[in-house]
Amino acid sequence: MGAYIAVDVGGTQIRVAVFPQEGIEPLSQKKILTQDKNENPEDRLLDLIADLWPAQEQVLGIGVAAPGPLNPKAGVVIKAPNIPSWINLQLTDLIQKRFNVPVVLGNDANLAALGEWKFGAGRGHENLIYLTISTGIGGGVICDGHLLLGQYGFAAELGHVAIMPDGPICSCGQPGHLEAVASGTGIANYVIEQLAKGTPSSLSNKVLPTAKDINLAAQKGDPLAIAALERAGNFLGMALANYLHIFNPSIIILGGGVTQSGDLLFKPLKAALAERVMGPEYLWNMTITSAALGDRVGLLGALGLAREL
């Protein structure tokens with residue numbers, strides 16, 4: 001019998017799991033903090049893989065989900081948010097040299113799309129868009145049964161499309177990207193701006209309200225919080241209309257903490273999508289649904305990639 005090892009690297013935690021050749025229940029798994037003052041993150045990652053290495057199974061491959069931008073074809077992390085030392089890191093080579101098995105690397109948002117397609121809400125679809133709406137906005141695209149990567153693996157940065165050309169500056173430094181206006185950070189920044197202008201709200205007693213604070217206030221009927229979620233939903237619907245025109249998916253899967261706002265976000269999103277889409281044919285049998293895999297999505301995406309070796 002063989003096994004696969006899946007790795008999910010985040011700015012806060014590194015997760016590693018060992019999976020059998022079939023199925024998605026791990027044989028073993030463990031997580032550790034990514035950062036430690038006495039050890040660099042790549043050594044922590046390598047030691048965690050070694051710690052979980054199965055004694056009774058042949059490891060057939062290792063799949064790694066990591067934050068980008070990265071080049072999956074070259075196995076290089078170009079720059080990892082929240083891991084300052086990871087600049088042009090040859091991560092695939094490091095792992096292969098240590099363990100002498102095939103290793104594949106993928107952008108975490110792309111692999112979340114792959115995981116939902118293979119094991120989650122996207123099963124049975126050949127054309128899929130996955131969007132995670134959290135602190136930032138990331139995504140991935142399955143096109144005609146293949147994960148869309150582009151020339152260097154930089155494709156499907158769905159949060160970095162200009163939706164408001166003169167809008168606020170995005171985390172990437174460009175103005176008016178979807179992430180800047182519809183992510184949890186973008187929603188919070190909008191509310192903070194409105195509070196500074198004197199807009200009345202129950203959130204005025206918070207110095208820096210978070211997206212979670214705003215969602216709770218909206219559920220209780222706070223007008224500013226509701227308006228902030230409606231605004232974000234409207235921008236998301238506009239962006240999704242663009243994606244439908246480009247990719248013509250049969251399903252859109254939405255994940256991330258901001259989606260916990262439910263209809264306060266989804267109703268304006270769907271209304272804006274219907275208004276902006278070029279024709280009703282783009283909505284024929286097209287499903288919009290929530291992600292199914294929760295916080296397992298990174299590991300399962302890495303597993304799906306490893307099983308393609």
# chains A, B, ... in the order shown; residues from 1 in each chain; ligands from 1
$ closest_atom_pairs --of "region 49-123 of chain A" --to "region 150-166 of chain A" --cutoff "8 Å" --atoms "only C-alpha atoms" --output "JSON lines"
{"residue": "A:Pro69", "atom": "CA", "partner": "A:Phe154", "partner_atom": "CA", "distance": 6.9}
{"residue": "A:Leu70", "atom": "CA", "partner": "A:Gly153", "partner_atom": "CA", "distance": 7.1}
{"residue": "A:Asn71", "atom": "CA", "partner": "A:Gly153", "partner_atom": "CA", "distance": 5.2}
{"residue": "A:Pro72", "atom": "CA", "partner": "A:Gly153", "partner_atom": "CA", "distance": 5.8}
{"residue": "A:Lys73", "atom": "CA", "partner": "A:Tyr152", "partner_atom": "CA", "distance": 6.8}
{"residue": "A:Asn110", "atom": "CA", "partner": "A:Ala156", "partner_atom": "CA", "distance": 7.5}
$ write_last_selection --atoms "N, CA and C atoms" --output "PDB file, in the first residue's frame"
ATOM      1  N   PRO A  69       2.581  35.118  -4.279  1.00  0.00           N
ATOM      2  CA  PRO A  69       2.757  34.485  -5.581  1.00  0.00           C
ATOM      3  C   PRO A  69       3.854  33.411  -5.564  1.00  0.00           C
ATOM      4  N   LEU A  70       3.602  32.381  -6.351  1.00  0.00           N
ATOM      5  CA  LEU A  70       4.572  31.305  -6.498  1.00  0.00           C
ATOM      6  C   LEU A  70       4.483  30.744  -7.910  1.00  0.00           C
ATOM      7  N   ASN A  71       5.530  30.039  -8.300  1.00  0.00           N
ATOM      8  CA  ASN A  71       5.578  29.391  -9.606  1.00  0.00           C
ATOM      9  C   ASN A  71       5.510  27.891  -9.388  1.00  0.00           C
ATOM     10  N   PRO A  72       4.335  27.282  -9.568  1.00  0.00           N
ATOM     11  CA  PRO A  72       4.213  25.855  -9.297  1.00  0.00           C
ATOM     12  C   PRO A  72       5.018  24.998 -10.269  1.00  0.00           C
ATOM     13  N   LYS A  73       5.257  25.499 -11.466  1.00  0.00           N
ATOM     14  CA  LYS A  73       5.995  24.724 -12.466  1.00  0.00           C
ATOM     15  C   LYS A  73       7.469  24.634 -12.114  1.00  0.00           C
ATOM     16  N   ASN A 110      -5.565  28.379  -5.440  1.00  0.00           N
ATOM     17  CA  ASN A 110      -5.796  27.472  -6.566  1.00  0.00           C
ATOM     18  C   ASN A 110      -6.081  26.060  -6.076  1.00  0.00           C
TER      19      ASN A 110
END
$ residues_around --residues "Gln219 (chain A)" --least-positions-apart "3" --cutoff "10 Å" --atoms "only C-alpha atoms" --output "PyMOL selection string"
chain A and resi 214-216+222+225-226+261-262+264
$ atom_distance --atom1 "CA of Met278 (chain A)" --atom2 "CA of Gly184 (chain A)"
28.1 Å
$ residues_around --residues "Gly61 (chain A)" --least-positions-apart "4" --cutoff "9 Å" --atoms "only C-alpha atoms" --output "list in words"
Ala3, Tyr4, Ile5, Ala6, Val101, Pro102, Val103, Val104, Ala306, Arg307 and Leu309 of chain A
$ atom_distance --atom1 "CA of Pro168 (chain A)" --atom2 "CA of Tyr130 (chain A)"
24.1 Å
$ closest_residue --among "A:Cys143, A:Val9, A:Ile32, A:Ala113" --to "Glu126 (chain A)" --atoms "only C-alpha atoms"
A:Cys143
$ residues_around --residues "Ser183 (chain A)" --least-positions-apart "5" --cutoff "8 Å" --atoms "only C-alpha atoms" --output "list in words"
Ile133, Ser134, Thr135, Gly136, Ile137, Leu178, Ala232 and Val258 of chain A
$ write_last_selection --atoms "C-alpha atoms" --output "mmCIF file, in the first residue's frame"
data_model
loop_
_atom_site.group_PDB
_atom_site.id
_atom_site.type_symbol
_atom_site.label_atom_id
_atom_site.label_comp_id
_atom_site.auth_asym_id
_atom_site.auth_seq_id
_atom_site.Cartn_x
_atom_site.Cartn_y
_atom_site.Cartn_z
ATOM 1 C CA ILE A 133 -13.677 35.911 0.790
ATOM 2 C CA SER A 134 -11.782 36.460 4.004
ATOM 3 C CA THR A 135 -9.092 38.910 5.128
ATOM 4 C CA GLY A 136 -8.251 39.028 1.420
ATOM 5 C CA ILE A 137 -9.886 37.494 -1.640
ATOM 6 C CA LEU A 178 -12.053 43.519 -5.640
ATOM 7 C CA ALA A 232 -19.469 44.336 -0.767
ATOM 8 C CA VAL A 258 -17.153 36.828 5.165
#
